[in-house]
>>> print(open('upload08.cif').read())   # mmCIF, N, CA, C and O atoms
data_entry
#
loop_
_atom_site.group_PDB
_atom_site.id
_atom_site.type_symbol
_atom_site.label_atom_id
_atom_site.label_comp_id
_atom_site.auth_asym_id
_atom_site.auth_seq_id
_atom_site.Cartn_x
_atom_site.Cartn_y
_atom_site.Cartn_z
ATOM 1 N N MET G 14 -140.593 -97.768 105.237
ATOM 2 C CA MET G 14 -139.592 -98.796 105.037
ATOM 3 C C MET G 14 -139.533 -99.672 106.287
ATOM 4 O O MET G 14 -139.630 -99.183 107.401
ATOM 5 N N GLN G 15 -139.399 -100.983 106.065
ATOM 6 C CA GLN G 15 -139.291 -101.883 107.208
ATOM 7 C C GLN G 15 -137.885 -101.783 107.799
ATOM 8 O O GLN G 15 -136.885 -101.835 107.090
ATOM 9 N N ILE G 16 -137.849 -101.637 109.110
ATOM 10 C CA ILE G 16 -136.593 -101.586 109.862
ATOM 11 C C ILE G 16 -136.625 -102.713 110.881
ATOM 12 O O ILE G 16 -137.644 -102.953 111.533
ATOM 13 N N THR G 17 -135.526 -103.419 111.027
ATOM 14 C CA THR G 17 -135.385 -104.458 112.035
ATOM 15 C C THR G 17 -134.462 -103.934 113.125
ATOM 16 O O THR G 17 -133.373 -103.431 112.823
ATOM 17 N N ILE G 18 -134.918 -104.021 114.372
ATOM 18 C CA ILE G 18 -134.067 -103.648 115.503
ATOM 19 C C ILE G 18 -133.544 -104.938 116.115
ATOM 20 O O ILE G 18 -134.322 -105.809 116.515
ATOM 21 N N ALA G 19 -132.233 -105.067 116.165
ATOM 22 C CA ALA G 19 -131.586 -106.241 116.756
ATOM 23 C C ALA G 19 -130.636 -105.766 117.851
ATOM 24 O O ALA G 19 -130.065 -104.680 117.752
ATOM 25 N N VAL G 20 -130.493 -106.572 118.886
ATOM 26 C CA VAL G 20 -129.541 -106.259 119.945
ATOM 27 C C VAL G 20 -128.602 -107.439 120.126
ATOM 28 O O VAL G 20 -128.966 -108.585 119.891
ATOM 29 N N VAL G 21 -127.403 -107.136 120.553
ATOM 30 C CA VAL G 21 -126.439 -108.163 120.948
ATOM 31 C C VAL G 21 -126.332 -108.072 122.462
ATOM 32 O O VAL G 21 -126.049 -107.009 123.017
ATOM 33 N N LEU G 22 -126.632 -109.190 123.123
ATOM 34 C CA LEU G 22 -126.578 -109.279 124.578
ATOM 35 C C LEU G 22 -125.454 -110.229 124.961
ATOM 36 O O LEU G 22 -125.309 -111.293 124.357
ATOM 37 N N CYS G 23 -124.669 -109.847 125.962
ATOM 38 C CA CYS G 23 -123.571 -110.704 126.414
ATOM 39 C C CYS G 23 -123.726 -110.993 127.907
ATOM 40 O O CYS G 23 -124.143 -110.126 128.678
ATOM 41 N N HIS G 24 -123.391 -112.216 128.279
ATOM 42 C CA HIS G 24 -123.477 -112.683 129.656
ATOM 43 C C HIS G 24 -122.094 -113.132 130.096
ATOM 44 O O HIS G 24 -121.458 -113.945 129.422
ATOM 45 N N SER G 25 -121.639 -112.581 131.210
ATOM 46 C CA SER G 25 -120.330 -112.979 131.739
ATOM 47 C C SER G 25 -120.514 -114.121 132.721
ATOM 48 O O SER G 25 -121.277 -114.011 133.679
ATOM 49 N N LEU G 26 -119.853 -115.219 132.449
ATOM 50 C CA LEU G 26 -119.878 -116.370 133.345
ATOM 51 C C LEU G 26 -118.591 -116.347 134.156
ATOM 52 O O LEU G 26 -117.509 -116.175 133.597
ATOM 53 N N GLY G 27 -118.700 -116.529 135.444
ATOM 54 C CA GLY G 27 -117.562 -116.383 136.341
ATOM 55 C C GLY G 27 -116.318 -117.148 135.950
ATOM 56 O O GLY G 27 -115.225 -116.623 135.942
ATOM 57 N N ALA G 28 -116.445 -118.417 135.609
ATOM 58 C CA ALA G 28 -115.278 -119.252 135.357
ATOM 59 C C ALA G 28 -114.770 -119.167 133.922
ATOM 60 O O ALA G 28 -113.665 -119.594 133.627
ATOM 61 N N ILE G 29 -115.566 -118.612 133.020
ATOM 62 C CA ILE G 29 -115.184 -118.540 131.612
ATOM 63 C C ILE G 29 -114.706 -117.120 131.309
ATOM 64 O O ILE G 29 -115.439 -116.153 131.539
ATOM 65 N N PRO G 30 -113.476 -116.969 130.796
ATOM 66 C CA PRO G 30 -112.925 -115.625 130.596
ATOM 67 C C PRO G 30 -113.643 -114.789 129.524
ATOM 68 O O PRO G 30 -113.751 -113.588 129.655
ATOM 69 N N SER G 31 -114.155 -115.412 128.482
ATOM 70 C CA SER G 31 -114.814 -114.632 127.436
ATOM 71 C C SER G 31 -116.331 -114.733 127.602
ATOM 72 O O SER G 31 -116.859 -115.795 127.935
ATOM 73 N N PRO G 32 -117.054 -113.624 127.379
ATOM 74 C CA PRO G 32 -118.511 -113.652 127.578
ATOM 75 C C PRO G 32 -119.233 -114.473 126.513
ATOM 76 O O PRO G 32 -118.735 -114.673 125.407
ATOM 77 N N VAL G 33 -120.420 -114.945 126.861
ATOM 78 C CA VAL G 33 -121.306 -115.640 125.941
ATOM 79 C C VAL G 33 -122.271 -114.591 125.393
ATOM 80 O O VAL G 33 -122.913 -113.884 126.165
ATOM 81 N N CYS G 34 -122.366 -114.474 124.066
ATOM 82 C CA CYS G 34 -123.194 -113.436 123.462
ATOM 83 C C CYS G 34 -124.255 -114.042 122.549
ATOM 84 O O CYS G 34 -124.034 -115.088 121.954
ATOM 85 N N ARG G 35 -125.407 -113.348 122.471
ATOM 86 C CA ARG G 35 -126.517 -113.735 121.595
ATOM 87 C C ARG G 35 -127.020 -112.499 120.877
ATOM 88 O O ARG G 35 -127.000 -111.410 121.423
ATOM 89 N N GLU G 36 -127.522 -112.724 119.676
ATOM 90 C CA GLU G 36 -128.161 -111.656 118.922
ATOM 91 C C GLU G 36 -129.657 -111.943 118.879
ATOM 92 O O GLU G 36 -130.066 -113.057 118.549
ATOM 93 N N GLU G 37 -130.467 -110.965 119.277
ATOM 94 C CA GLU G 37 -131.916 -111.128 119.348
ATOM 95 C C GLU G 37 -132.608 -110.028 118.546
ATOM 96 O O GLU G 37 -132.168 -108.878 118.560
ATOM 97 N N ILE G 38 -133.704 -110.403 117.882
ATOM 98 C CA ILE G 38 -134.538 -109.440 117.159
ATOM 99 C C ILE G 38 -135.540 -108.853 118.145
ATOM 100 O O ILE G 38 -136.242 -109.597 118.837
ATOM 101 N N ILE G 39 -135.622 -107.542 118.211
ATOM 102 C CA ILE G 39 -136.580 -106.867 119.077
ATOM 103 C C ILE G 39 -137.887 -106.639 118.331
ATOM 104 O O ILE G 39 -138.952 -106.976 118.807
ATOM 105 N N VAL G 40 -137.801 -106.039 117.144
ATOM 106 C CA VAL G 40 -139.006 -105.727 116.374
ATOM 107 C C VAL G 40 -138.652 -105.592 114.900
ATOM 108 O O VAL G 40 -137.543 -105.199 114.552
ATOM 109 N N LYS G 41 -139.594 -105.974 114.053
ATOM 110 C CA LYS G 41 -139.520 -105.720 112.616
ATOM 111 C C LYS G 41 -140.773 -104.923 112.304
ATOM 112 O O LYS G 41 -141.878 -105.424 112.467
ATOM 113 N N ASP G 42 -140.609 -103.663 111.902
ATOM 114 C CA ASP G 42 -141.775 -102.805 111.715
ATOM 115 C C ASP G 42 -141.448 -101.704 110.723
ATOM 116 O O ASP G 42 -140.283 -101.422 110.455
ATOM 117 N N ASP G 43 -142.523 -101.094 110.198
ATOM 118 C CA ASP G 43 -142.341 -99.923 109.338
ATOM 119 C C ASP G 43 -142.099 -98.724 110.239
ATOM 120 O O ASP G 43 -142.975 -98.339 111.025
ATOM 121 N N MET G 44 -140.917 -98.159 110.183
ATOM 122 C CA MET G 44 -140.554 -96.992 110.982
ATOM 123 C C MET G 44 -139.411 -96.286 110.294
ATOM 124 O O MET G 44 -138.799 -96.821 109.375
ATOM 125 N N SER G 45 -139.128 -95.100 110.754
ATOM 126 C CA SER G 45 -137.998 -94.372 110.191
ATOM 127 C C SER G 45 -136.723 -94.820 110.899
ATOM 128 O O SER G 45 -136.758 -95.348 112.018
ATOM 129 N N MET G 46 -135.609 -94.608 110.275
ATOM 130 C CA MET G 46 -134.320 -94.944 110.882
ATOM 131 C C MET G 46 -134.114 -94.093 112.142
ATOM 132 O O MET G 46 -133.571 -94.571 113.134
ATOM 133 N N HIS G 47 -134.603 -92.860 112.120
ATOM 134 C CA HIS G 47 -134.478 -91.983 113.292
ATOM 135 C C HIS G 47 -135.220 -92.571 114.492
ATOM 136 O O HIS G 47 -134.702 -92.571 115.608
ATOM 137 N N ALA G 48 -136.437 -93.090 114.273
ATOM 138 C CA ALA G 48 -137.210 -93.706 115.356
ATOM 139 C C ALA G 48 -136.465 -94.907 115.930
ATOM 140 O O ALA G 48 -136.492 -95.147 117.137
ATOM 141 N N CYS G 49 -135.807 -95.642 115.074
ATOM 142 C CA CYS G 49 -135.033 -96.790 115.535
ATOM 143 C C CYS G 49 -133.860 -96.339 116.403
ATOM 144 O O CYS G 49 -133.607 -96.909 117.454
ATOM 145 N N ILE G 50 -133.184 -95.303 115.973
ATOM 146 C CA ILE G 50 -132.000 -94.832 116.683
ATOM 147 C C ILE G 50 -132.344 -94.333 118.088
ATOM 148 O O ILE G 50 -131.577 -94.540 119.023
ATOM 149 N N ILE G 51 -133.514 -93.721 118.262
ATOM 150 C CA ILE G 51 -133.868 -93.170 119.572
ATOM 151 C C ILE G 51 -134.678 -94.149 120.421
ATOM 152 O O ILE G 51 -135.278 -93.765 121.412
ATOM 153 N N SER G 52 -134.697 -95.414 120.066
ATOM 154 C CA SER G 52 -135.518 -96.412 120.769
ATOM 155 C C SER G 52 -134.805 -97.067 121.951
ATOM 156 O O SER G 52 -135.257 -98.095 122.430
ATOM 157 N N GLN G 53 -133.742 -96.488 122.467
ATOM 158 C CA GLN G 53 -132.979 -97.121 123.542
ATOM 159 C C GLN G 53 -133.794 -97.363 124.806
ATOM 160 O O GLN G 53 -133.655 -98.390 125.454
ATOM 161 N N ALA G 54 -134.671 -96.427 125.175
ATOM 162 C CA ALA G 54 -135.488 -96.600 126.377
ATOM 163 C C ALA G 54 -136.440 -97.784 126.219
ATOM 164 O O ALA G 54 -136.633 -98.569 127.153
ATOM 165 N N ALA G 55 -137.030 -97.935 125.047
ATOM 166 C CA ALA G 55 -137.933 -99.057 124.794
ATOM 167 C C ALA G 55 -137.176 -100.382 124.827
ATOM 168 O O ALA G 55 -137.702 -101.397 125.294
ATOM 169 N N ILE G 56 -135.938 -100.380 124.359
ATOM 170 C CA ILE G 56 -135.130 -101.603 124.379
ATOM 171 C C ILE G 56 -134.775 -101.984 125.813
ATOM 172 O O ILE G 56 -134.828 -103.158 126.189
ATOM 173 N N ALA G 57 -134.458 -101.013 126.645
ATOM 174 C CA ALA G 57 -134.170 -101.292 128.054
ATOM 175 C C ALA G 57 -135.407 -101.864 128.747
ATOM 176 O O ALA G 57 -135.297 -102.800 129.544
ATOM 177 N N ASP G 58 -136.583 -101.347 128.414
ATOM 178 C CA ASP G 58 -137.836 -101.868 128.966
ATOM 179 C C ASP G 58 -138.071 -103.301 128.495
ATOM 180 O O ASP G 58 -138.464 -104.170 129.275
ATOM 181 N N TRP G 59 -137.812 -103.578 127.209
ATOM 182 C CA TRP G 59 -137.959 -104.935 126.661
ATOM 183 C C TRP G 59 -137.047 -105.901 127.420
ATOM 184 O O TRP G 59 -137.468 -106.995 127.793
ATOM 185 N N LYS G 60 -135.796 -105.493 127.654
ATOM 186 C CA LYS G 60 -134.820 -106.361 128.313
ATOM 187 C C LYS G 60 -135.304 -106.776 129.704
ATOM 188 O O LYS G 60 -135.167 -107.936 130.090
ATOM 189 N N GLU G 61 -135.899 -105.869 130.450
ATOM 190 C CA GLU G 61 -136.352 -106.166 131.803
ATOM 191 C C GLU G 61 -137.541 -107.109 131.844
ATOM 192 O O GLU G 61 -137.860 -107.635 132.903
ATOM 193 N N LYS G 62 -138.191 -107.352 130.707
ATOM 194 C CA LYS G 62 -139.353 -108.242 130.656
ATOM 195 C C LYS G 62 -139.027 -109.596 130.017
ATOM 196 O O LYS G 62 -139.921 -110.359 129.694
ATOM 197 N N THR G 63 -137.749 -109.874 129.807
ATOM 198 C CA THR G 63 -137.341 -111.108 129.139
ATOM 199 C C THR G 63 -136.438 -111.942 130.054
ATOM 200 O O THR G 63 -136.129 -111.531 131.173
ATOM 201 N N ILE G 64 -135.994 -113.076 129.530
ATOM 202 C CA ILE G 64 -135.054 -113.909 130.298
ATOM 203 C C ILE G 64 -133.684 -113.244 130.413
ATOM 204 O O ILE G 64 -132.840 -113.709 131.177
ATOM 205 N N PHE G 65 -133.459 -112.155 129.691
ATOM 206 C CA PHE G 65 -132.169 -111.455 129.706
ATOM 207 C C PHE G 65 -132.123 -110.343 130.751
ATOM 208 O O PHE G 65 -131.205 -109.552 130.782
ATOM 209 N N ARG G 66 -133.147 -110.267 131.622
ATOM 210 C CA ARG G 66 -133.185 -109.196 132.627
ATOM 211 C C ARG G 66 -132.069 -109.417 133.648
ATOM 212 O O ARG G 66 -131.524 -110.502 133.775
ATOM 213 N N GLY G 67 -131.768 -108.397 134.370
ATOM 214 C CA GLY G 67 -130.747 -108.488 135.408
ATOM 215 C C GLY G 67 -129.411 -107.952 134.927
ATOM 216 O O GLY G 67 -129.209 -107.646 133.756
ATOM 217 N N ASP G 68 -128.504 -107.834 135.875
ATOM 218 C CA ASP G 68 -127.197 -107.234 135.588
ATOM 219 C C ASP G 68 -126.216 -108.178 134.913
ATOM 220 O O ASP G 68 -125.202 -107.735 134.391
ATOM 221 N N SER G 69 -126.497 -109.485 134.917
ATOM 222 C CA SER G 69 -125.547 -110.413 134.311
ATOM 223 C C SER G 69 -125.579 -110.346 132.778
ATOM 224 O O SER G 69 -124.586 -110.675 132.134
ATOM 225 N N TRP G 70 -126.716 -109.927 132.183
ATOM 226 C CA TRP G 70 -126.805 -109.741 130.728
ATOM 227 C C TRP G 70 -126.619 -108.267 130.419
ATOM 228 O O TRP G 70 -127.303 -107.411 130.984
ATOM 229 N N LYS G 71 -125.706 -107.951 129.540
ATOM 230 C CA LYS G 71 -125.441 -106.566 129.116
ATOM 231 C C LYS G 71 -125.776 -106.420 127.640
ATOM 232 O O LYS G 71 -125.419 -107.280 126.831
ATOM 233 N N ILE G 72 -126.444 -105.318 127.286
ATOM 234 C CA ILE G 72 -126.658 -104.994 125.874
ATOM 235 C C ILE G 72 -125.372 -104.360 125.371
ATOM 236 O O ILE G 72 -124.963 -103.311 125.851
ATOM 237 N N THR G 73 -124.714 -105.030 124.451
ATOM 238 C CA THR G 73 -123.434 -104.518 123.964
ATOM 239 C C THR G 73 -123.559 -103.781 122.633
ATOM 240 O O THR G 73 -122.676 -103.016 122.282
ATOM 241 N N ARG G 74 -124.661 -104.044 121.912
ATOM 242 C CA ARG G 74 -124.836 -103.375 120.623
ATOM 243 C C ARG G 74 -126.316 -103.337 120.263
ATOM 244 O O ARG G 74 -127.042 -104.297 120.491
ATOM 245 N N ILE G 75 -126.752 -102.211 119.711
ATOM 246 C CA ILE G 75 -128.099 -102.067 119.158
ATOM 247 C C ILE G 75 -127.914 -101.797 117.674
ATOM 248 O O ILE G 75 -127.146 -100.910 117.295
ATOM 249 N N LYS G 76 -128.599 -102.588 116.853
ATOM 250 C CA LYS G 76 -128.462 -102.419 115.404
ATOM 251 C C LYS G 76 -129.814 -102.098 114.787
ATOM 252 O O LYS G 76 -130.815 -102.734 115.108
ATOM 253 N N CYS G 77 -129.846 -101.100 113.925
ATOM 254 C CA CYS G 77 -131.021 -100.734 113.141
ATOM 255 C C CYS G 77 -130.711 -101.138 111.699
ATOM 256 O O CYS G 77 -129.857 -100.535 111.051
ATOM 257 N N ILE G 78 -131.396 -102.165 111.213
ATOM 258 C CA ILE G 78 -131.078 -102.746 109.915
ATOM 259 C C ILE G 78 -132.251 -102.538 108.964
ATOM 260 O O ILE G 78 -133.366 -102.944 109.278
ATOM 261 N N PRO G 79 -132.018 -101.896 107.820
ATOM 262 C CA PRO G 79 -133.107 -101.743 106.848
ATOM 263 C C PRO G 79 -133.493 -103.102 106.265
ATOM 264 O O PRO G 79 -132.634 -103.926 105.961
ATOM 265 N N GLY G 80 -134.806 -103.344 106.141
ATOM 266 C CA GLY G 80 -135.288 -104.581 105.537
ATOM 267 C C GLY G 80 -135.410 -105.710 106.535
ATOM 268 O O GLY G 80 -135.358 -105.534 107.733
ATOM 269 N N ASP G 81 -135.568 -106.913 106.003
ATOM 270 C CA ASP G 81 -135.746 -108.111 106.807
ATOM 271 C C ASP G 81 -134.373 -108.642 107.225
ATOM 272 O O ASP G 81 -133.444 -108.679 106.426
ATOM 273 N N TYR G 82 -134.241 -109.081 108.461
ATOM 274 C CA TYR G 82 -132.968 -109.547 108.992
ATOM 275 C C TYR G 82 -133.233 -110.719 109.923
ATOM 276 O O TYR G 82 -134.206 -110.727 110.669
ATOM 277 N N SER G 83 -132.398 -111.723 109.883
ATOM 278 C CA SER G 83 -132.511 -112.884 110.768
ATOM 279 C C SER G 83 -131.312 -112.904 111.711
ATOM 280 O O SER G 83 -130.181 -112.676 111.271
ATOM 281 N N PRO G 84 -131.534 -113.185 112.996
ATOM 282 C CA PRO G 84 -130.432 -113.204 113.944
ATOM 283 C C PRO G 84 -129.500 -114.390 113.720
ATOM 284 O O PRO G 84 -129.898 -115.404 113.161
ATOM 285 N N ARG G 85 -128.291 -114.236 114.199
ATOM 286 C CA ARG G 85 -127.309 -115.302 114.094
ATOM 287 C C ARG G 85 -127.329 -116.206 115.310
ATOM 288 O O ARG G 85 -126.610 -117.173 115.369
ATOM 289 N N GLY G 86 -128.119 -115.850 116.337
ATOM 290 C CA GLY G 86 -128.166 -116.669 117.542
ATOM 291 C C GLY G 86 -126.928 -116.464 118.387
ATOM 292 O O GLY G 86 -126.511 -115.348 118.636
ATOM 293 N N ALA G 87 -126.315 -117.534 118.827
ATOM 294 C CA ALA G 87 -125.098 -117.436 119.637
ATOM 295 C C ALA G 87 -123.965 -116.893 118.780
ATOM 296 O O ALA G 87 -123.770 -117.311 117.656
ATOM 297 N N ILE G 88 -123.233 -115.954 119.337
ATOM 298 C CA ILE G 88 -122.135 -115.317 118.590
ATOM 299 C C ILE G 88 -120.806 -115.769 119.186
ATOM 300 O O ILE G 88 -120.639 -115.867 120.341
#
>>> encode(input="upload08.cif", output="structure tokens")
Amino acid sequence: MQITIAVVLCHSLGAIPSPVCREEIIVKDDMSMHACIISQAAIADWKEKTIFRGDSWKITRIKCIPGDYSPRGAI
């Protein structure tokens, strides 16, 4: 079954009280739901290789969604 792994990343800006958040697709692949659930280490590695690296971007949610899924972008 195809599973989509999506993460919600939030960035705190000093002068703005509420964080800016984005939803990003990590992978769409045939895998089990269990493999998706235990993929936290791979997601942390992905984050460090993207524009979201560093301490200012926080992963606030990891979602394992059955089937095809499209991100909402800015949340």
>>> closest_residue(input="upload08.cif", among="G:Gln15, G:Ile38, G:Ala54, G:Ile64", to="Pro79 (chain G)", atoms="all atoms listed in the file")
G:Gln15
>>> select_by_dssp(input="upload08.cif", residues="chain G", states="alpha helix (DSSP H)", output="PyMOL selection string")
chain G and resi 46-50+53-61
>>> resolve_selection(input="upload08.cif", expression="the PyMOL selection byres (((chain G and resi 46-50 and name CA) around 10) and name CA)", output="list in words")
Met14, Gln15, Ile16, Thr17, Ile18, Val40, Asp42, Asp43, Met44, Ser45, Ile51, Ser52, Gln53, Ala55, Ile75, Lys76, Cys77, Ile78 and Pro79 of chain G
>>> atom_distance(input="upload08.cif", atom1="atom O of Trp70 (chain G)", atom2="atom C of Cys23 (chain G)")
5.9 Å
>>> resolve_selection(input="upload08.cif", expression="the PyMOL selection byres ((chain G and resi 33-36) around 8)", output="list in words")
Ala19, Val20, Val21, Leu22, Cys23, His24, Ser25, Leu26, Ile29, Pro30, Ser31, Pro32, Glu37, Ile38, Ile39, Ser69, Trp70, Lys71, Ile72, Thr73, Arg74, Ser83, Pro84, Arg85, Gly86, Ala87 and Ile88 of chain G
>>> atom_distance(input="upload08.cif", atom1="atom N of Asp68 (chain G)", atom2="atom O of Ile56 (chain G)")
12.5 Å
>>> select_by_dssp(input="upload08.cif", residues="chain G", states="strand (DSSP E)", output="PyMOL selection string")
chain G and resi 15-24+33-43+70-79+86-87
>>> atom_distance(input="upload08.cif", atom1="atom N of Glu61 (chain G)", atom2="atom O of Asp81 (chain G)")
24.3 Å
>>> axis_aligned_box(input="upload08.cif", around="region 58-71 of chain G", padding_each_side="8 Å", output="lines of an AutoDock Vina configuration file")
center_x = -132.3
center_y = -107.6
center_z = 131.3
size_x = 31.3
size_y = 28.6
size_z = 25.2
>>> decode(input="upload08.cif", residues="region 33-54 of chain G", atoms="N, CA and C atoms", output="tab-separated table (two decimals), in the first residue's frame")
chain	number	residue	atom	x	y	z
G	33	VAL	N	5.29	30.49	12.12
G	33	VAL	CA	4.95	30.26	10.73
G	33	VAL	C	5.16	28.77	10.48
G	34	CYS	N	4.14	28.08	9.96
G	34	CYS	CA	4.23	26.63	9.78
G	34	CYS	C	4.00	26.25	8.32
G	35	ARG	N	4.66	25.15	7.90
G	35	ARG	CA	4.52	24.59	6.55
G	35	ARG	C	4.36	23.09	6.67
G	36	GLU	N	3.62	22.54	5.72
G	36	GLU	CA	3.49	21.10	5.62
G	36	GLU	C	4.26	20.63	4.39
G	37	GLU	N	5.15	19.67	4.57
G	37	GLU	CA	6.00	19.17	3.49
G	37	GLU	C	5.86	17.66	3.36
G	38	ILE	N	5.88	17.19	2.11
G	38	ILE	CA	5.87	15.75	1.83
G	38	ILE	C	7.31	15.25	1.86
G	39	ILE	N	7.56	14.20	2.62
G	39	ILE	CA	8.89	13.60	2.70
G	39	ILE	C	9.03	12.52	1.63
G	40	VAL	N	8.08	11.59	1.59
G	40	VAL	CA	8.16	10.48	0.64
G	40	VAL	C	6.77	9.92	0.40
G	41	LYS	N	6.56	9.44	-0.82
G	41	LYS	CA	5.36	8.67	-1.17
G	41	LYS	C	5.90	7.35	-1.69
G	42	ASP	N	5.63	6.26	-0.97
G	42	ASP	CA	6.23	4.98	-1.34
G	42	ASP	C	5.36	3.84	-0.83
G	43	ASP	N	5.60	2.66	-1.42
G	43	ASP	CA	4.93	1.46	-0.92
G	43	ASP	C	5.68	1.00	0.32
G	44	MET	N	5.04	1.06	1.46
G	44	MET	CA	5.63	0.63	2.73
G	44	MET	C	4.51	0.30	3.68
G	45	SER	N	4.87	-0.32	4.77
G	45	SER	CA	3.86	-0.62	5.78
G	45	SER	C	3.67	0.60	6.67
G	46	MET	N	2.56	0.67	7.34
G	46	MET	CA	2.30	1.77	8.27
G	46	MET	C	3.32	1.72	9.41
G	47	HIS	N	3.72	0.52	9.81
G	47	HIS	CA	4.71	0.37	10.88
G	47	HIS	C	6.04	1.01	10.47
G	48	ALA	N	6.49	0.78	9.23
G	48	ALA	CA	7.73	1.37	8.74
G	48	ALA	C	7.65	2.89	8.76
G	49	CYS	N	6.49	3.41	8.44
G	49	CYS	CA	6.30	4.86	8.47
G	49	CYS	C	6.41	5.39	9.90
G	50	ILE	N	5.80	4.70	10.82
G	50	ILE	CA	5.78	5.15	12.21
G	50	ILE	C	7.18	5.19	12.82
G	51	ILE	N	8.05	4.26	12.44
G	51	ILE	CA	9.39	4.21	13.03
G	51	ILE	C	10.42	4.98	12.21
G	52	SER	N	9.99	5.82	11.29
G	52	SER	CA	10.91	6.53	10.39
G	52	SER	C	11.41	7.87	10.96
G	53	GLN	N	11.30	8.10	12.25
G	53	GLN	CA	11.68	9.39	12.81
G	53	GLN	C	13.15	9.75	12.59
G	54	ALA	N	14.05	8.77	12.69
G	54	ALA	CA	15.47	9.05	12.48
G	54	ALA	C	15.74	9.49	11.04
